[in-house]
Amino acid sequence: MGLQDRWDAVRERMTLAAQRAGRKPEEITMLAVTKVFPVEVLLEAYSLGMREFGENYVQEFERKFPLVGGCVGARFHLIGHLQSNKAKKAAEMFDVIQTVDSAKLARRLEKAMDVMIEVKLSEEDSKHGAAPEELGELVEAVRATPGLRLTGLMTMPPWSDDAEVARPYFRRLRGLAEHYGLTQLSMGMSHDLEVAIEEGSTMVRVGTALFGSRKALLK
Ligand SMILES: *Cc1c(COP(=O)(O)O)cnc(C)c1O
């Protein structure tokens, strides 16, 4: 199967999940997660019509960035953890930072841009994000930061190959977003995007289902 076929298959899954949940499929955006893959893969995805891209690492995207200048209309989202010492560099390259998790990081972006707050709902140490208890304060701080437009929340549930494990985390993120009057919910990946859409996701972040396994490339 080529990339076009895999994209069609992901879209079909998204549409069916939206219909099951009584939602309009066009309310849900697919972010193509190109981390680890060479820039040629991103450019092929762009040539097929994909426009929203997710990358995890500032350093990796620094190498790709000079080569994506011709991708008119594309938007690049940072979905990996961001250290404040790399904030300025990230803000220069990305259109959206989805992983704001402190007021300090928000201030360091120093740019007019869309941001989301990453919320840590999982107990795993490997996960980043703001704790739900500190979210109220952080939402206020980000909203008060000049230039930043806070659009929503993102989360990564604990990994499990059973997508149902993620459901309560997705539901919780939606509750938090509603509480703070935020409309965008970045949640759901290749294996659990249906559950995420049923729970209100407005943006699924899809890597493996489009581009295949990253394992071979990481070796
Ligand atoms: C890698 C990654 C994804 C994509 O995961 P797949 O399982 O390959 O679809 C989504 N979100 C984040 C934050 C990621 O790091």
# chains A, B, ... in the order shown; residues from 1 in each chain; ligands from 1
$ residues_near_ligand --ligand "ligand 1" --cutoff "12 Å" --atoms "only C-alpha atoms and all ligand atoms" --output "JSON, numbers by chain"
{"A": [10, 30, 31, 32, 33, 34, 35, 36, 37, 53, 54, 55, 56, 57, 77, 78, 79, 80, 81, 82, 97, 98, 99, 118, 119, 120, 126, 127, 128, 129, 154, 155, 156, 157, 158, 159, 160, 161, 163, 186, 187, 188, 189, 190, 191, 192, 193, 203, 204, 205, 206, 207, 208, 209, 210, 211, 212, 213, 214, 215]}
$ residues_around --residues "Val72 (chain A)" --least-positions-apart "3" --cutoff "12 Å" --atoms "only C-alpha atoms" --output "PyMOL selection string"
chain A and resi 43+46-47+49-52+68-69+75-76
$ select_by_dssp --residues "region 44-159 of chain A" --states "strand (DSSP E or B)" --output "JSON, numbers by chain"
{"A": [52, 53, 54, 55, 75, 76, 77, 78, 96, 97, 98, 99, 100, 113, 114, 115, 116, 117, 118, 119, 130, 148, 149, 150, 151, 152, 153, 154]}
$ write_last_selection --atoms "C-alpha atoms" --output "PDB file, in the first residue's frame"
ATOM      1  CA  GLU A  52      -0.906  19.834   9.006  1.00  0.00           C
ATOM      2  CA  PHE A  53       2.311  18.237  10.222  1.00  0.00           C
ATOM      3  CA  GLY A  54       3.572  17.188  13.634  1.00  0.00           C
ATOM      4  CA  GLU A  55       7.214  16.916  14.660  1.00  0.00           C
ATOM      5  CA  ARG A  75       1.347  24.269   9.215  1.00  0.00           C
ATOM      6  CA  PHE A  76       3.916  22.679  11.474  1.00  0.00           C
ATOM      7  CA  HIS A  77       3.048  21.682  15.038  1.00  0.00           C
ATOM      8  CA  LEU A  78       5.546  20.832  17.735  1.00  0.00           C
ATOM      9  CA  VAL A  96       1.805  25.859  16.685  1.00  0.00           C
ATOM     10  CA  ILE A  97       3.405  24.649  19.916  1.00  0.00           C
ATOM     11  CA  GLN A  98       1.130  21.986  21.401  1.00  0.00           C
ATOM     12  CA  THR A  99       3.320  21.219  24.393  1.00  0.00           C
ATOM     13  CA  VAL A 100       3.346  24.364  26.509  1.00  0.00           C
ATOM     14  CA  MET A 113       1.363  32.205  17.617  1.00  0.00           C
ATOM     15  CA  ASP A 114      -1.181  29.511  18.444  1.00  0.00           C
ATOM     16  CA  VAL A 115      -0.357  27.300  21.386  1.00  0.00           C
ATOM     17  CA  MET A 116      -1.915  24.420  23.269  1.00  0.00           C
ATOM     18  CA  ILE A 117      -1.222  23.229  26.778  1.00  0.00           C
ATOM     19  CA  GLU A 118      -0.051  19.659  27.245  1.00  0.00           C
ATOM     20  CA  VAL A 119      -1.742  18.061  30.223  1.00  0.00           C
ATOM     21  CA  ALA A 130       1.097  20.331  33.272  1.00  0.00           C
ATOM     22  CA  LEU A 148      -0.040  33.822  22.358  1.00  0.00           C
ATOM     23  CA  ARG A 149      -3.450  32.490  21.402  1.00  0.00           C
ATOM     24  CA  LEU A 150      -4.397  29.507  23.535  1.00  0.00           C
ATOM     25  CA  THR A 151      -6.546  27.214  21.395  1.00  0.00           C
ATOM     26  CA  GLY A 152      -6.836  24.024  23.403  1.00  0.00           C
ATOM     27  CA  LEU A 153      -5.319  21.097  25.237  1.00  0.00           C
ATOM     28  CA  MET A 154      -3.287  18.066  24.208  1.00  0.00           C
TER      29      MET A 154
END
$ atom_distance --atom1 "CA of Glu198 (chain A)" --atom2 "CA of Ala21 (chain A)"
5.2 Å
$ select_by_dssp --residues "chain A" --states "alpha helix (DSSP H)" --output "VMD selection string"
chain A and resid 3 to 20 39 to 48 58 to 64 87 to 93 103 to 109 135 to 143 167 to 179 193 to 198 208 to 211 215 to 218
$ write_last_selection --atoms "C-alpha atoms" --output "PDB file, in the first residue's frame"
ATOM      1  CA  LEU A   3       0.888   6.621   1.174  1.00  0.00           C
ATOM      2  CA  GLN A   4      -2.260   7.708  -0.664  1.00  0.00           C
ATOM      3  CA  ASP A   5      -3.961   4.385   0.190  1.00  0.00           C
ATOM      4  CA  ARG A   6      -2.923   4.558   3.817  1.00  0.00           C
ATOM      5  CA  TRP A   7      -4.180   8.135   4.037  1.00  0.00           C
ATOM      6  CA  ASP A   8      -7.511   7.076   2.517  1.00  0.00           C
ATOM      7  CA  ALA A   9      -7.723   4.280   5.094  1.00  0.00           C
ATOM      8  CA  VAL A  10      -7.060   6.688   7.995  1.00  0.00           C
ATOM      9  CA  ARG A  11      -9.665   9.114   6.642  1.00  0.00           C
ATOM     10  CA  GLU A  12     -12.168   6.291   6.379  1.00  0.00           C
ATOM     11  CA  ARG A  13     -11.530   5.311  10.012  1.00  0.00           C
ATOM     12  CA  MET A  14     -11.931   8.945  11.081  1.00  0.00           C
ATOM     13  CA  THR A  15     -15.168   9.335   9.134  1.00  0.00           C
ATOM     14  CA  LEU A  16     -16.703   6.151  10.538  1.00  0.00           C
ATOM     15  CA  ALA A  17     -15.760   7.098  14.101  1.00  0.00           C
ATOM     16  CA  ALA A  18     -17.218  10.584  13.647  1.00  0.00           C
ATOM     17  CA  GLN A  19     -20.452   9.167  12.258  1.00  0.00           C
ATOM     18  CA  ARG A  20     -20.742   6.711  15.154  1.00  0.00           C
ATOM     19  CA  VAL A  39      12.051  15.132   4.880  1.00  0.00           C
ATOM     20  CA  GLU A  40      11.244  13.412   1.558  1.00  0.00           C
ATOM     21  CA  VAL A  41       8.401  11.625   3.325  1.00  0.00           C
ATOM     22  CA  LEU A  42       7.009  14.942   4.533  1.00  0.00           C
ATOM     23  CA  LEU A  43       7.305  16.401   1.030  1.00  0.00           C
ATOM     24  CA  GLU A  44       5.495  13.409  -0.475  1.00  0.00           C
ATOM     25  CA  ALA A  45       2.701  13.816   2.071  1.00  0.00           C
ATOM     26  CA  TYR A  46       2.485  17.503   1.167  1.00  0.00           C
ATOM     27  CA  SER A  47       2.341  16.700  -2.551  1.00  0.00           C
ATOM     28  CA  LEU A  48      -0.657  14.426  -1.901  1.00  0.00           C
ATOM     29  CA  VAL A  58      13.433  20.810  17.654  1.00  0.00           C
ATOM     30  CA  GLN A  59      16.854  19.591  16.515  1.00  0.00           C
ATOM     31  CA  GLU A  60      15.421  17.180  13.966  1.00  0.00           C
ATOM     32  CA  PHE A  61      13.096  19.832  12.553  1.00  0.00           C
ATOM     33  CA  GLU A  62      15.972  22.310  12.290  1.00  0.00           C
ATOM     34  CA  ARG A  63      17.434  20.032   9.635  1.00  0.00           C
ATOM     35  CA  LYS A  64      14.128  19.668   7.772  1.00  0.00           C
ATOM     36  CA  ALA A  87      11.697  27.837  22.976  1.00  0.00           C
ATOM     37  CA  LYS A  88      12.801  30.726  20.826  1.00  0.00           C
ATOM     38  CA  LYS A  89      14.206  28.473  18.105  1.00  0.00           C
ATOM     39  CA  ALA A  90      11.015  26.382  18.153  1.00  0.00           C
ATOM     40  CA  ALA A  91       8.834  29.480  17.894  1.00  0.00           C
ATOM     41  CA  GLU A  92      10.759  30.597  14.804  1.00  0.00           C
ATOM     42  CA  MET A  93      10.092  27.332  12.974  1.00  0.00           C
ATOM     43  CA  ALA A 103       4.310  29.918  32.217  1.00  0.00           C
ATOM     44  CA  LYS A 104       8.063  30.324  31.803  1.00  0.00           C
ATOM     45  CA  LEU A 105       8.053  28.369  28.559  1.00  0.00           C
ATOM     46  CA  ALA A 106       5.093  30.417  27.283  1.00  0.00           C
ATOM     47  CA  ARG A 107       6.952  33.675  27.966  1.00  0.00           C
ATOM     48  CA  ARG A 108      10.086  32.436  26.236  1.00  0.00           C
ATOM     49  CA  LEU A 109       8.292  31.871  22.916  1.00  0.00           C
ATOM     50  CA  LEU A 135      -3.968  23.914  34.851  1.00  0.00           C
ATOM     51  CA  GLY A 136      -6.174  26.806  35.990  1.00  0.00           C
ATOM     52  CA  GLU A 137      -3.197  28.962  36.848  1.00  0.00           C
ATOM     53  CA  LEU A 138      -1.354  28.025  33.661  1.00  0.00           C
ATOM     54  CA  VAL A 139      -4.359  28.734  31.415  1.00  0.00           C
ATOM     55  CA  GLU A 140      -4.521  32.223  32.939  1.00  0.00           C
ATOM     56  CA  ALA A 141      -0.787  32.792  32.542  1.00  0.00           C
ATOM     57  CA  VAL A 142      -0.764  31.681  28.891  1.00  0.00           C
ATOM     58  CA  ARG A 143      -3.817  33.807  28.108  1.00  0.00           C
ATOM     59  CA  ARG A 167     -10.810   6.430  26.884  1.00  0.00           C
ATOM     60  CA  PRO A 168     -10.961   7.759  30.466  1.00  0.00           C
ATOM     61  CA  TYR A 169      -7.914   9.975  29.787  1.00  0.00           C
ATOM     62  CA  PHE A 170      -9.503  11.414  26.658  1.00  0.00           C
ATOM     63  CA  ARG A 171     -12.755  11.993  28.527  1.00  0.00           C
ATOM     64  CA  ARG A 172     -10.919  13.766  31.310  1.00  0.00           C
ATOM     65  CA  LEU A 173      -9.085  16.056  28.870  1.00  0.00           C
ATOM     66  CA  ARG A 174     -12.373  17.004  27.277  1.00  0.00           C
ATOM     67  CA  GLY A 175     -13.864  17.834  30.690  1.00  0.00           C
ATOM     68  CA  LEU A 176     -10.892  20.058  31.500  1.00  0.00           C
ATOM     69  CA  ALA A 177     -11.097  21.827  28.130  1.00  0.00           C
ATOM     70  CA  GLU A 178     -14.800  22.510  28.609  1.00  0.00           C
ATOM     71  CA  HIS A 179     -14.154  23.818  32.102  1.00  0.00           C
ATOM     72  CA  LEU A 193      -7.988   7.558  17.066  1.00  0.00           C
ATOM     73  CA  GLU A 194     -11.525   6.102  16.979  1.00  0.00           C
ATOM     74  CA  VAL A 195     -11.822   6.234  20.769  1.00  0.00           C
ATOM     75  CA  ALA A 196     -10.384   9.771  20.786  1.00  0.00           C
ATOM     76  CA  ILE A 197     -12.920  10.941  18.177  1.00  0.00           C
ATOM     77  CA  GLU A 198     -15.771   9.358  20.135  1.00  0.00           C
ATOM     78  CA  THR A 208       2.533   4.888  12.057  1.00  0.00           C
ATOM     79  CA  ALA A 209      -0.779   4.359  10.221  1.00  0.00           C
ATOM     80  CA  LEU A 210       0.395   6.728   7.467  1.00  0.00           C
ATOM     81  CA  PHE A 211       4.129   6.214   7.241  1.00  0.00           C
ATOM     82  CA  LYS A 215      11.498   1.242  14.618  1.00  0.00           C
ATOM     83  CA  ALA A 216      13.727   0.353  11.682  1.00  0.00           C
ATOM     84  CA  LEU A 217      14.752   4.001  11.299  1.00  0.00           C
ATOM     85  CA  LEU A 218      15.659   4.371  14.964  1.00  0.00           C
TER      86      LEU A 218
END
$ atom_distance --atom1 "CA of Glu110 (chain A)" --atom2 "CA of Thr145 (chain A)"
8.9 Å
$ atom_distance --atom1 "CA of Ser122 (chain A)" --atom2 "CA of Gly181 (chain A)"
22.4 Å
$ closest_residue --among "A:Pro38, A:Thr202, A:Ile28, A:Glu133" --to "Leu182 (chain A)" --atoms "only C-alpha atoms"
A:Thr202
$ closest_residue --among "A:Ala74, A:Phe65, A:Val165, A:Leu185" --to "Glu27 (chain A)" --atoms "only C-alpha atoms"
A:Leu185
